[in-house]
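Structure file upload.pdb (PDB, C-alpha atoms and all ligand atoms) follows.
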```pdb
ATOM      1  CA  MET V 144     -17.625   1.838 -26.977
ATOM      2  CA  GLU V 145     -14.760   4.294 -27.182
ATOM      3  CA  ASP V 146     -12.475   4.430 -24.145
ATOM      4  CA  ARG V 147     -12.853   7.485 -21.906
ATOM      5  CA  SER V 148     -10.001   9.350 -20.316
ATOM      6  CA  PRO V 149      -9.736   7.933 -16.768
ATOM      7  CA  VAL V 150      -9.695  10.106 -13.647
ATOM      8  CA  LEU V 151      -8.464   9.411 -10.129
ATOM      9  CA  VAL V 152      -8.761  11.811  -7.172
ATOM     10  CA  VAL V 153      -7.531  11.175  -3.610
ATOM     11  CA  HIS V 154      -7.682  13.045  -0.303
ATOM     12  CA  GLY V 155      -5.747  12.723   2.912
ATOM     13  CA  GLY V 156      -8.337  14.162   5.285
ATOM     14  CA  GLY V 157      -9.713  17.551   6.210
ATOM     15  CA  ALA V 158      -7.171  19.053   8.551
ATOM     16  CA  GLY V 159      -6.034  21.905  10.736
ATOM     17  CA  SER V 160      -2.691  23.445   9.886
ATOM     18  CA  ILE V 161       0.053  20.925   9.051
ATOM     19  CA  SER V 162       3.674  21.531  10.083
ATOM     20  CA  LEU V 163       6.068  22.317   7.246
ATOM     21  CA  GLU V 164       8.135  19.252   7.991
ATOM     22  CA  ARG V 165       5.129  16.925   7.866
ATOM     23  CA  LYS V 166       3.647  18.631   4.840
ATOM     24  CA  GLU V 167       6.280  17.208   2.495
ATOM     25  CA  ARG V 168       5.690  13.639   3.717
ATOM     26  CA  VAL V 169       1.933  14.078   3.358
ATOM     27  CA  ARG V 170       2.361  15.520  -0.124
ATOM     28  CA  GLN V 171       4.553  12.623  -1.221
ATOM     29  CA  GLY V 172       2.061  10.096   0.195
ATOM     30  CA  ILE V 173      -0.842  11.672  -1.641
ATOM     31  CA  ILE V 174       1.090  11.798  -4.915
ATOM     32  CA  ARG V 175       2.101   8.145  -4.545
ATOM     33  CA  ALA V 176      -1.490   7.050  -3.927
ATOM     34  CA  ALA V 177      -2.893   9.045  -6.851
ATOM     35  CA  THR V 178      -0.229   7.674  -9.186
ATOM     36  CA  VAL V 179      -0.871   4.069  -8.142
ATOM     37  CA  GLY V 180      -4.640   4.494  -8.621
ATOM     38  CA  TYR V 181      -4.252   6.268 -11.941
ATOM     39  CA  ASN V 182      -1.889   3.596 -13.285
ATOM     40  CA  ILE V 183      -4.504   0.952 -12.475
ATOM     41  CA  LEU V 184      -7.024   2.927 -14.561
ATOM     42  CA  LYS V 185      -4.582   3.462 -17.425
ATOM     43  CA  GLU V 186      -4.056  -0.284 -17.592
ATOM     44  CA  LYS V 187      -7.828  -0.648 -18.008
ATOM     45  CA  GLY V 188      -8.431  -1.579 -14.369
ATOM     46  CA  SER V 189     -11.879  -0.833 -12.959
ATOM     47  CA  ALA V 190     -12.815   2.211 -10.891
ATOM     48  CA  VAL V 191     -13.266  -0.125  -7.902
ATOM     49  CA  ASP V 192      -9.748  -1.566  -8.356
ATOM     50  CA  ALA V 193      -8.321   1.943  -8.603
ATOM     51  CA  VAL V 194      -9.960   3.411  -5.486
ATOM     52  CA  GLU V 195      -9.039   0.329  -3.481
ATOM     53  CA  GLY V 196      -5.445   0.446  -4.754
ATOM     54  CA  ALA V 197      -5.039   4.150  -3.954
ATOM     55  CA  VAL V 198      -6.533   3.803  -0.473
ATOM     56  CA  VAL V 199      -4.336   0.788   0.363
ATOM     57  CA  VAL V 200      -1.268   2.981  -0.330
ATOM     58  CA  LEU V 201      -2.587   5.594   2.113
ATOM     59  CA  GLU V 202      -3.579   3.002   4.756
ATOM     60  CA  ASN V 203      -0.010   1.672   4.638
ATOM     61  CA  ASP V 204       1.451   5.166   5.034
ATOM     62  CA  PRO V 205       1.832   6.093   8.749
ATOM     63  CA  GLU V 206       1.312   9.795   7.972
ATOM     64  CA  PHE V 207      -2.412   9.266   7.501
ATOM     65  CA  ASN V 208      -5.264   8.465   9.873
ATOM     66  CA  ALA V 209      -6.165   5.099   8.355
ATOM     67  CA  GLY V 210      -4.619   1.643   8.685
ATOM     68  CA  CYS V 211      -1.145   2.102  10.213
ATOM     69  CA  GLY V 212      -1.114   5.591  11.739
ATOM     70  CA  SER V 213      -4.794   5.585  12.730
ATOM     71  CA  VAL V 214      -5.667   7.853  15.652
ATOM     72  CA  LEU V 215      -6.320   6.194  19.024
ATOM     73  CA  ASN V 216      -9.548   5.920  20.969
ATOM     74  CA  VAL V 217      -9.901   6.838  24.651
ATOM     75  CA  ASN V 218      -8.365   3.474  25.633
ATOM     76  CA  GLY V 219      -5.330   3.970  23.404
ATOM     77  CA  GLU V 220      -6.575   1.440  20.834
ATOM     78  CA  VAL V 221      -7.068   1.587  17.079
ATOM     79  CA  GLU V 222     -10.606   1.035  15.780
ATOM     80  CA  MET V 223     -10.965   1.562  12.044
ATOM     81  CA  ASP V 224     -13.898   2.148   9.675
ATOM     82  CA  ALA V 225     -13.978   1.870   5.871
ATOM     83  CA  SER V 226     -16.396   1.683   2.957
ATOM     84  CA  ILE V 227     -16.386   1.271  -0.811
ATOM     85  CA  MET V 228     -19.033   1.531  -3.530
ATOM     86  CA  ASN V 229     -19.332   0.528  -7.172
ATOM     87  CA  GLY V 230     -21.301   3.093  -9.178
ATOM     88  CA  LYS V 231     -22.153   0.532 -11.844
ATOM     89  CA  ASP V 232     -24.675  -1.419  -9.765
ATOM     90  CA  LEU V 233     -24.671   0.514  -6.456
ATOM     91  CA  SER V 234     -23.101  -2.450  -4.669
ATOM     92  CA  THR V 235     -21.372  -1.339  -1.485
ATOM     93  CA  GLY V 236     -19.375  -2.824   1.372
ATOM     94  CA  ALA V 237     -18.349  -1.431   4.740
ATOM     95  CA  VAL V 238     -16.676  -2.413   7.998
ATOM     96  CA  SER V 239     -16.517  -0.629  11.327
ATOM     97  CA  ALA V 240     -14.578  -0.979  14.580
ATOM     98  CA  VAL V 241     -12.007  -3.342  13.050
ATOM     99  CA  ARG V 242      -8.777  -3.565  15.012
ATOM    100  CA  SER V 243      -6.298  -6.121  13.820
ATOM    101  CA  ILE V 244      -5.977  -5.943  10.060
ATOM    102  CA  ALA V 245      -3.684  -3.794   7.954
ATOM    103  CA  ASN V 246      -6.161  -2.755   5.240
ATOM    104  CA  PRO V 247      -9.801  -2.242   6.245
ATOM    105  CA  ILE V 248     -10.637  -1.132   2.694
ATOM    106  CA  LYS V 249      -9.793  -4.595   1.362
ATOM    107  CA  LEU V 250     -12.164  -6.098   3.907
ATOM    108  CA  ALA V 251     -14.900  -3.613   2.936
ATOM    109  CA  ARG V 252     -14.492  -4.702  -0.690
ATOM    110  CA  LEU V 253     -14.803  -8.356   0.302
ATOM    111  CA  VAL V 254     -18.014  -7.544   2.204
ATOM    112  CA  MET V 255     -19.295  -5.948  -1.009
ATOM    113  CA  GLU V 256     -18.310  -8.813  -3.277
ATOM    114  CA  LYS V 257     -18.469 -11.944  -1.133
ATOM    115  CA  THR V 258     -21.414 -11.485   1.214
ATOM    116  CA  PRO V 259     -25.106 -10.728   0.740
ATOM    117  CA  HIS V 260     -24.648  -7.788   3.160
ATOM    118  CA  CYS V 261     -23.432  -4.201   2.945
ATOM    119  CA  PHE V 262     -21.880  -3.700   6.384
ATOM    120  CA  LEU V 263     -20.077  -5.893   8.943
ATOM    121  CA  THR V 264     -18.820  -4.703  12.305
ATOM    122  CA  ASP V 265     -16.421  -5.609  15.138
ATOM    123  CA  GLN V 266     -16.271  -9.367  15.936
ATOM    124  CA  GLY V 267     -18.313 -10.416  12.912
ATOM    125  CA  ALA V 268     -16.065  -8.393  10.630
ATOM    126  CA  ALA V 269     -12.977  -9.935  12.278
ATOM    127  CA  LYS V 270     -14.316 -13.466  11.793
ATOM    128  CA  PHE V 271     -15.175 -12.728   8.181
ATOM    129  CA  ALA V 272     -11.650 -11.353   7.620
ATOM    130  CA  ALA V 273     -10.152 -14.570   8.993
ATOM    131  CA  SER V 274     -12.449 -16.671   6.798
ATOM    132  CA  MET V 275     -11.218 -14.717   3.746
ATOM    133  CA  GLY V 276      -7.588 -15.402   4.667
ATOM    134  CA  ILE V 277      -6.800 -11.826   5.739
ATOM    135  CA  PRO V 278      -3.963 -12.096   8.281
ATOM    136  CA  GLU V 279      -4.619 -10.862  11.813
ATOM    137  CA  ILE V 280      -1.900  -8.491  12.995
ATOM    138  CA  PRO V 281      -1.189  -7.233  16.536
ATOM    139  CA  GLY V 282      -3.066  -3.951  17.074
ATOM    140  CA  GLU V 283       0.226  -2.325  18.223
ATOM    141  CA  GLN V 284       1.561  -2.688  14.705
ATOM    142  CA  LEU V 285      -0.897   0.014  13.620
ATOM    143  CA  ILE V 286       0.089   2.424  16.410
ATOM    144  CA  THR V 287       2.718   5.103  15.760
ATOM    145  CA  GLU V 288       4.604   7.432  18.137
ATOM    146  CA  ARG V 289       2.719  10.306  16.550
ATOM    147  CA  SER V 290      -0.678   8.766  17.294
ATOM    148  CA  LYS V 291       0.355   8.108  20.928
ATOM    149  CA  LYS V 292       1.465  11.727  21.349
ATOM    150  CA  HIS V 293      -1.702  12.950  19.651
ATOM    151  CA  LEU V 294      -3.860  11.082  22.171
ATOM    152  CA  GLU V 295      -1.793  12.335  25.133
ATOM    153  CA  LYS V 296      -2.119  15.911  23.899
ATOM    154  CA  GLU V 297      -5.838  15.524  23.338
ATOM    155  CA  LYS V 298      -6.342  14.156  26.869
ATOM    156  CA  LEU V 299      -4.280  16.982  28.407
ATOM    157  CA  GLU V 300      -6.301  19.561  26.502
ATOM    158  CA  LYS V 301      -9.631  17.932  27.316
ATOM    159  CA  GLY V 302     -12.185  20.605  27.955
ATOM    160  CA  VAL V 303     -10.357  23.112  25.752
ATOM    161  CA  LYS V 304     -12.765  23.937  22.948
ATOM    162  CA  LYS V 305     -11.136  23.206  19.600
ATOM    163  CA  PRO V 306     -12.489  23.399  16.077
ATOM    164  CA  ASP V 307     -13.547  19.981  14.788
ATOM    165  CA  CYS V 308     -10.968  20.113  12.036
ATOM    166  CA  GLN V 309      -8.123  20.065  14.540
ATOM    167  CA  LYS V 310      -9.249  16.845  16.171
ATOM    168  CA  ASN V 311      -9.084  14.765  13.062
ATOM    169  CA  LEU V 312      -6.322  14.598  10.598
ATOM    170  CA  GLY V 313      -5.647  12.340   7.714
ATOM    171  CA  THR V 314      -8.674  10.162   6.967
ATOM    172  CA  VAL V 315      -8.172   8.954   3.410
ATOM    173  CA  GLY V 316     -10.374   8.505   0.373
ATOM    174  CA  ALA V 317     -10.434   8.122  -3.384
ATOM    175  CA  VAL V 318     -12.877   8.486  -6.265
ATOM    176  CA  ALA V 319     -12.369   7.187  -9.787
ATOM    177  CA  PHE V 320     -13.822   7.277 -13.294
ATOM    178  CA  ASP V 321     -12.566   4.381 -15.420
ATOM    179  CA  CYS V 322     -12.117   3.869 -19.178
ATOM    180  CA  ALA V 323     -15.522   2.170 -19.357
ATOM    181  CA  GLY V 324     -17.257   5.142 -17.704
ATOM    182  CA  ASN V 325     -17.817   3.512 -14.305
ATOM    183  CA  VAL V 326     -17.319   5.451 -11.074
ATOM    184  CA  ALA V 327     -16.428   4.264  -7.547
ATOM    185  CA  TYR V 328     -15.381   5.620  -4.171
ATOM    186  CA  ALA V 329     -13.425   4.304  -1.179
ATOM    187  CA  THR V 330     -12.985   5.928   2.262
ATOM    188  CA  SER V 331     -10.941   4.632   5.211
ATOM    189  CA  THR V 332     -10.254   6.080   8.667
ATOM    190  CA  GLY V 333      -9.163   5.599  12.248
ATOM    191  CA  GLY V 334     -11.924   8.082  13.165
ATOM    192  CA  LEU V 335     -11.549  10.820  15.765
ATOM    193  CA  VAL V 336      -8.769  10.919  18.350
ATOM    194  CA  ASN V 337      -9.915  10.154  21.932
ATOM    195  CA  LYS V 338     -13.278   8.850  20.673
ATOM    196  CA  MET V 339     -15.340   6.547  22.870
ATOM    197  CA  ALA V 340     -14.668   2.845  22.322
ATOM    198  CA  GLY V 341     -17.197   1.611  19.786
ATOM    199  CA  ARG V 342     -17.778   5.051  18.245
ATOM    200  CA  VAL V 343     -18.497   4.721  14.534
ATOM    201  CA  GLY V 344     -18.199   7.775  12.314
ATOM    202  CA  ASP V 345     -19.405   8.688   8.864
ATOM    203  CA  SER V 346     -16.663   7.006   6.840
ATOM    204  CA  PRO V 347     -18.217   3.509   6.702
ATOM    205  CA  CYS V 348     -21.751   4.857   6.225
ATOM    206  CA  VAL V 349     -22.745   4.977   2.590
ATOM    207  CA  GLY V 350     -24.346   8.346   1.817
ATOM    208  CA  SER V 351     -22.208  10.087   4.440
ATOM    209  CA  GLY V 352     -18.600   8.877   4.006
ATOM    210  CA  GLY V 353     -19.082   8.511   0.263
ATOM    211  CA  TYR V 354     -21.364   7.551  -2.572
ATOM    212  CA  ALA V 355     -20.998   6.358  -6.170
ATOM    213  CA  ASP V 356     -23.597   6.113  -8.914
ATOM    214  CA  ASN V 357     -22.721   5.941 -12.614
ATOM    215  CA  LEU V 358     -25.803   8.062 -13.300
ATOM    216  CA  ILE V 359     -24.412  10.954 -11.216
ATOM    217  CA  GLY V 360     -20.767  10.583 -10.111
ATOM    218  CA  ALA V 361     -18.748   9.583  -7.060
ATOM    219  CA  ILE V 362     -17.684  11.343  -3.865
ATOM    220  CA  SER V 363     -15.539  10.630  -0.797
ATOM    221  CA  THR V 364     -15.814  12.862   2.271
ATOM    222  CA  THR V 365     -13.717  13.754   5.294
ATOM    223  CA  GLY V 366     -14.216  15.902   8.376
ATOM    224  CA  HIS V 367     -16.216  15.849  11.582
ATOM    225  CA  GLY V 368     -18.020  12.515  11.340
ATOM    226  CA  GLU V 369     -21.005  13.362  13.534
ATOM    227  CA  SER V 370     -21.719  16.468  11.425
ATOM    228  CA  ILE V 371     -21.258  14.561   8.163
ATOM    229  CA  LEU V 372     -23.681  11.878   9.355
ATOM    230  CA  LYS V 373     -26.299  14.454  10.335
ATOM    231  CA  VAL V 374     -26.414  15.990   6.861
ATOM    232  CA  ASN V 375     -25.526  12.862   4.798
ATOM    233  CA  LEU V 376     -22.811  14.956   3.206
ATOM    234  CA  ALA V 377     -21.981  12.609   0.310
ATOM    235  CA  ARG V 378     -25.514  12.026  -0.915
ATOM    236  CA  LEU V 379     -26.480  15.643  -0.255
ATOM    237  CA  THR V 380     -23.660  16.840  -2.511
ATOM    238  CA  LEU V 381     -24.611  14.411  -5.285
ATOM    239  CA  PHE V 382     -28.225  15.491  -4.923
ATOM    240  CA  HIS V 383     -27.143  19.010  -5.873
ATOM    241  CA  VAL V 384     -25.238  17.571  -8.855
ATOM    242  CA  GLN V 385     -28.394  15.704  -9.902
ATOM    243  CA  GLN V 386     -30.240  19.004  -9.736
ATOM    244  CA  GLY V 387     -27.871  20.465 -12.330
ATOM    245  CA  LYS V 388     -25.239  22.182 -10.185
ATOM    246  CA  THR V 389     -21.586  21.945 -11.178
ATOM    247  CA  LEU V 390     -19.404  19.779  -8.940
ATOM    248  CA  GLU V 391     -17.859  22.921  -7.407
ATOM    249  CA  GLU V 392     -21.242  24.500  -6.717
ATOM    250  CA  ALA V 393     -22.664  21.285  -5.282
ATOM    251  CA  ALA V 394     -19.681  20.841  -2.959
ATOM    252  CA  GLY V 395     -19.908  24.463  -1.831
ATOM    253  CA  LEU V 396     -23.623  24.226  -1.139
ATOM    254  CA  SER V 397     -23.418  21.066   0.956
ATOM    255  CA  LEU V 398     -20.314  22.121   2.918
ATOM    256  CA  ASP V 399     -21.931  25.504   3.637
ATOM    257  CA  TYR V 400     -25.097  23.744   4.745
ATOM    258  CA  MET V 401     -23.132  21.505   7.121
ATOM    259  CA  LYS V 402     -21.379  24.536   8.583
ATOM    260  CA  SER V 403     -24.475  26.646   9.039
ATOM    261  CA  ARG V 404     -26.801  23.853  10.157
ATOM    262  CA  VAL V 405     -24.585  21.827  12.534
ATOM    263  CA  LYS V 406     -21.345  23.889  12.705
ATOM    264  CA  GLY V 407     -19.369  21.053  11.101
ATOM    265  CA  VAL V 408     -16.373  21.360   8.815
ATOM    266  CA  GLY V 409     -14.983  18.898   6.316
ATOM    267  CA  GLY V 410     -13.959  18.280   2.744
ATOM    268  CA  VAL V 411     -15.020  16.392  -0.371
ATOM    269  CA  ILE V 412     -13.482  15.003  -3.562
ATOM    270  CA  LEU V 413     -15.730  14.332  -6.548
ATOM    271  CA  VAL V 414     -15.851  12.915 -10.060
ATOM    272  CA  SER V 415     -18.845  13.338 -12.345
ATOM    273  CA  LYS V 416     -20.438  10.757 -14.613
ATOM    274  CA  THR V 417     -18.560  12.378 -17.511
ATOM    275  CA  GLY V 418     -15.145  12.459 -15.845
ATOM    276  CA  ASP V 419     -14.981  16.026 -14.509
ATOM    277  CA  TRP V 420     -13.505  16.347 -11.036
ATOM    278  CA  ALA V 421     -13.486  18.787  -8.109
ATOM    279  CA  VAL V 422     -12.072  19.113  -4.604
ATOM    280  CA  LYS V 423     -13.373  21.433  -1.890
ATOM    281  CA  TRP V 424     -13.081  21.811   1.862
ATOM    282  CA  SER V 425     -14.245  24.040   4.717
ATOM    283  CA  SER V 426     -11.511  22.904   7.121
ATOM    284  CA  GLU V 427      -8.204  24.803   7.144
ATOM    285  CA  ALA V 428      -6.525  22.444   4.702
ATOM    286  CA  MET V 429      -7.033  19.179   2.828
ATOM    287  CA  PRO V 430      -4.235  17.235   1.131
ATOM    288  CA  TRP V 431      -5.524  16.153  -2.288
ATOM    289  CA  ALA V 432      -4.321  15.013  -5.708
ATOM    290  CA  ALA V 433      -6.111  14.476  -9.022
ATOM    291  CA  ALA V 434      -4.805  12.622 -12.084
ATOM    292  CA  LYS V 435      -6.299  13.007 -15.556
ATOM    293  CA  ASP V 436      -4.922  13.195 -19.122
ATOM    294  CA  ARG V 437      -1.439  12.231 -17.863
ATOM    295  CA  LYS V 438      -1.286  15.273 -15.597
ATOM    296  CA  LEU V 439      -1.199  15.219 -11.823
ATOM    297  CA  HIS V 440      -2.531  18.195  -9.876
ATOM    298  CA  PHE V 441      -2.080  18.404  -6.109
ATOM    299  CA  GLY V 442      -2.281  20.748  -3.142
ATOM    300  CA  ILE V 443      -2.880  21.050   0.589
ATOM    301  CA  GLU V 444      -3.852  24.625   1.449
ATOM    302  CA  VAL V 445      -6.504  26.837  -0.120
ATOM    303  CA  ASP V 446      -5.404  28.327  -3.474
ATOM    304  CA  GLU V 447      -2.420  25.990  -3.660
ATOM    305  CA  MET V 448      -2.163  23.794  -6.752
ATOM    306  CA  THR V 449       0.869  22.297  -8.459
ATOM    307  CA  THR V 450       0.663  20.411 -11.747
ATOM    308  CA  ILE V 451       3.196  17.889 -13.033
ATOM    309  CA  ASP V 452       3.266  15.615 -16.091
ATOM    310  CA  LEU V 453       2.852  11.913 -15.526
ATOM    311  CA  PRO V 454       4.845   9.389 -17.587
TER     312      PRO V 454
HETATM  313  N1  LIG D 501     -14.778  11.594   9.168
HETATM  314  C1  LIG D 501     -13.873  10.867  10.024
HETATM  315  C2  LIG D 501     -14.625  10.459  11.274
HETATM  316  O1  LIG D 501     -15.277  11.294  11.851
HETATM  317  C3  LIG D 501     -12.672  11.660  10.415
HETATM  318  C4  LIG D 501     -11.972  12.373   9.293
HETATM  319  O2  LIG D 501     -12.491  12.500   8.214
HETATM  320  O3  LIG D 501     -10.844  12.836   9.490
HETATM  321  O4  LIG D 501     -14.519   9.338  11.664
END
```

Would you encode the structure as structure tokens?
Ligand code: ASP
Amino acid sequence: MEDRSPVLVVHGGGAGSISLERKERVRQGIIRAATVGYNILKEKGSAVDAVEGAVVVLENDPEFNAGCGSVLNVNGEVEMDASIMNGKDLSTGAVSAVRSIANPIKLARLVMEKTPHCFLTDQGAAKFAASMGIPEIPGEQLITERSKKHLEKEKLEKGVKKPDCQKNLGTVGAVAFDCAGNVAYATSTGGLVNKMAGRVGDSPCVGSGGYADNLIGAISTTGHGESILKVNLARLTLFHVQQGKTLEEAAGLSLDYMKSRVKGVGGVILVSKTGDWAVKWSSEAMPWAAAKDRKLHFGIEVDEMTTIDLP
């Protein structure tokens, strides 16, 4: 079969306003991740390889709320969630409440490929990681000065009503369409700042934090996890695509529904089964980048899009 033109889209979380100084670092991180993922696809790598590769770059970047740089729970600890899905056969893997590994998305992929299960949590996930040779790292290695300050600020402002989008910043995700026409998604997060210990959000829950099906497309979501879980944002959006809506329309419909039904805000990135792509959010901003046909498009705020040529 003829090769298709591959597509890679990444996001760096639905967010409130981002300071000018931080914006440039976030932009560079997003561009780096999209380029790494797209290069994997150009070299005939699979959609699963590409979304994992892009998300690993973002987990390793302290600017984002995933891996190193994850937000802290009420006890000042990192607890991370991640999931991945292969649209070819609907295989999926997820982990939640993992604390001492650098790249939860790699562990989620191992759950998908090396166990008969879809989801491992906490101690069981940690034991599985050790059995797969994933090194345990001290939790402090994932904590940044910014995440400590963020928690302090959140605790001081406790009781002050804030929009959901200002409590979470920088969850990461990717969707891909590879040369063979397969789609995949990956999502990884530290969750919500000041969350209860043991709180699990939408990101590791297939259907909420993401979904991938070669017959429809792939999606990764970000935003207020409890709201996303209540409406199954990922599957709801793809349902609209299945019903014949364009990616843009489908994303608009499901984000509007989440806002009107449970007052939740968030964002989505999508690829279709034919390699179209879309990004949309109802939060103030969402760092995103999309690579296709050797062009890279990226932006953070509404109506902001820059396009550059890729080598
Ligand atoms: N959805 C994530 C959570 O609630 C947070 C985010 O997307 O920023 O855990």

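In this model, the gap between atom CA of Gly316 of chain V and atom CA of Ser403 of chain V comes to 24.6 Å.
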
- Message: For this structure, which residues satisfy the selection - the PyMOL selection byres (((not hetatm)) within 7 of (chain D and resi 501)) - when it is evaluated on the file as given? I want them as an MDAnalysis selection string.
- Response: chainID V and resid 156:157 311:314 332:335 343:346 352 364:369

Going by the chain IDs and residue numbers used in this file, which residues fall under the PyMOL selection byres (((chain V and resi 440) around 9) and not hetatm)? Write them as a compact mmCIF listing (two decimals) with C-alpha atoms, in the frame of the given file.
```txt
# COMPACT_ATOMS: atom_id res chain seq x y z
CA ILE V 174 1.09 11.80 -4.92
CA TRP V 431 -5.52 16.15 -2.29
CA ALA V 432 -4.32 15.01 -5.71
CA ALA V 433 -6.11 14.48 -9.02
CA ALA V 434 -4.80 12.62 -12.08
CA LYS V 435 -6.30 13.01 -15.56
CA LYS V 438 -1.29 15.27 -15.60
CA LEU V 439 -1.20 15.22 -11.82
CA PHE V 441 -2.08 18.40 -6.11
CA GLY V 442 -2.28 20.75 -3.14
CA MET V 448 -2.16 23.79 -6.75
CA THR V 449 0.87 22.30 -8.46
CA THR V 450 0.66 20.41 -11.75
CA ILE V 451 3.20 17.89 -13.03
CA ASP V 452 3.27 15.62 -16.09
```

- Message: For a quick check of understanding, using all atoms listed in the file, which of V:Leu151, V:Met401, V:Leu379, V:Val374 has the smallest distance to Val422 of chain V?
- Response: V:Leu151

- What residues come out when you apply the PyMOL selection byres (((chain V and resi 216) around 12) and not hetatm) to this file, written as a VMD selection string? chain V and resid 213 to 215 217 to 223 240 242 286 290 to 291 293 to 295 297 to 298 310 to 311 333 to 343

Selection export as a PDB file, in the coordinates of the input, atoms kept: C-alpha atoms:
```pdb
ATOM      1  CA  SER V 213      -4.794   5.585  12.730  1.00  0.00           C
ATOM      2  CA  VAL V 214      -5.667   7.853  15.652  1.00  0.00           C
ATOM      3  CA  LEU V 215      -6.320   6.194  19.024  1.00  0.00           C
ATOM      4  CA  VAL V 217      -9.901   6.838  24.651  1.00  0.00           C
ATOM      5  CA  ASN V 218      -8.365   3.474  25.633  1.00  0.00           C
ATOM      6  CA  GLY V 219      -5.330   3.970  23.404  1.00  0.00           C
ATOM      7  CA  GLU V 220      -6.575   1.440  20.834  1.00  0.00           C
ATOM      8  CA  VAL V 221      -7.068   1.587  17.079  1.00  0.00           C
ATOM      9  CA  GLU V 222     -10.606   1.035  15.780  1.00  0.00           C
ATOM     10  CA  MET V 223     -10.965   1.562  12.044  1.00  0.00           C
ATOM     11  CA  ALA V 240     -14.578  -0.979  14.580  1.00  0.00           C
ATOM     12  CA  ARG V 242      -8.777  -3.565  15.012  1.00  0.00           C
ATOM     13  CA  ILE V 286       0.089   2.424  16.410  1.00  0.00           C
ATOM     14  CA  SER V 290      -0.678   8.766  17.294  1.00  0.00           C
ATOM     15  CA  LYS V 291       0.355   8.108  20.928  1.00  0.00           C
ATOM     16  CA  HIS V 293      -1.702  12.950  19.651  1.00  0.00           C
ATOM     17  CA  LEU V 294      -3.860  11.082  22.171  1.00  0.00           C
ATOM     18  CA  GLU V 295      -1.793  12.335  25.133  1.00  0.00           C
ATOM     19  CA  GLU V 297      -5.838  15.524  23.338  1.00  0.00           C
ATOM     20  CA  LYS V 298      -6.342  14.156  26.869  1.00  0.00           C
ATOM     21  CA  LYS V 310      -9.249  16.845  16.171  1.00  0.00           C
ATOM     22  CA  ASN V 311      -9.084  14.765  13.062  1.00  0.00           C
ATOM     23  CA  GLY V 333      -9.163   5.599  12.248  1.00  0.00           C
ATOM     24  CA  GLY V 334     -11.924   8.082  13.165  1.00  0.00           C
ATOM     25  CA  LEU V 335     -11.549  10.820  15.765  1.00  0.00           C
ATOM     26  CA  VAL V 336      -8.769  10.919  18.350  1.00  0.00           C
ATOM     27  CA  ASN V 337      -9.915  10.154  21.932  1.00  0.00           C
ATOM     28  CA  LYS V 338     -13.278   8.850  20.673  1.00  0.00           C
ATOM     29  CA  MET V 339     -15.340   6.547  22.870  1.00  0.00           C
ATOM     30  CA  ALA V 340     -14.668   2.845  22.322  1.00  0.00           C
ATOM     31  CA  GLY V 341     -17.197   1.611  19.786  1.00  0.00           C
ATOM     32  CA  ARG V 342     -17.778   5.051  18.245  1.00  0.00           C
ATOM     33  CA  VAL V 343     -18.497   4.721  14.534  1.00  0.00           C
TER      34      VAL V 343
END
```

Non-local contacts of Cys261 of chain V (9 Å; only C-alpha atoms; under 4 positions in same chain excluded) as a PDB file with C-alpha atoms, in the coordinates of the input:
```
ATOM      1  CA  SER V 234     -23.101  -2.450  -4.669  1.00  0.00           C
ATOM      2  CA  THR V 235     -21.372  -1.339  -1.485  1.00  0.00           C
ATOM      3  CA  GLY V 236     -19.375  -2.824   1.372  1.00  0.00           C
ATOM      4  CA  ALA V 237     -18.349  -1.431   4.740  1.00  0.00           C
ATOM      5  CA  VAL V 238     -16.676  -2.413   7.998  1.00  0.00           C
ATOM      6  CA  ALA V 251     -14.900  -3.613   2.936  1.00  0.00           C
ATOM      7  CA  VAL V 254     -18.014  -7.544   2.204  1.00  0.00           C
ATOM      8  CA  MET V 255     -19.295  -5.948  -1.009  1.00  0.00           C
TER       9      MET V 255
END
```

- Taking into account all atoms listed in the file, which residue in the set V:Val150, V:Ile371, V:Ala245, V:Ala197 is nearest to Gly282 of chain V?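 Ranked by minimum distance to Gly282 of chain V, first place goes to V:Ala245.
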
- Which of these residues is nearest to Leu250 of chain V, using all atoms listed in the file: V:Arg437, V:Lys292, V:Lys231, V:Lys270?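 Of all the options, V:Lys270 lies closest to Leu250 of chain V.
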
- Query: With all atoms listed in the file as the atoms that count, which of V:Ile359, V:Gly350, V:Val152, V:Thr264 lies nearest to Gln386 of chain V?
  - Reply: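 Result for the nearest residue to Gln386 of chain V: V:Ile359.
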
Find the residues around Leu285 of chain V up to 7 Å (only C-alpha atoms counted), leave out those fewer than 5 positions away in its own chain, and share them as a compact mmCIF listing (two decimals) with C-alpha atoms, in the coordinates of the input.
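After the write, selection.txt holds the following:
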```
# COMPACT_ATOMS: atom_id res chain seq x y z
CA GLY V 210 -4.62 1.64 8.68
CA CYS V 211 -1.14 2.10 10.21
CA GLY V 212 -1.11 5.59 11.74
CA SER V 213 -4.79 5.58 12.73
```

- Distance query Leu201 of chain V at most 10 Å, all atoms listed in the file, self and fewer than 4 positions along chain excluded, as an MDAnalysis selection string: chainID V and resid 153:155 169 172:173 175:177 196:197 205:212 246 313:317 331

- Of V:Leu398, V:Val411, V:Ile244, V:Ala327, the one nearest to Gln284 of chain V when counting all atoms listed in the file is V:Ile244
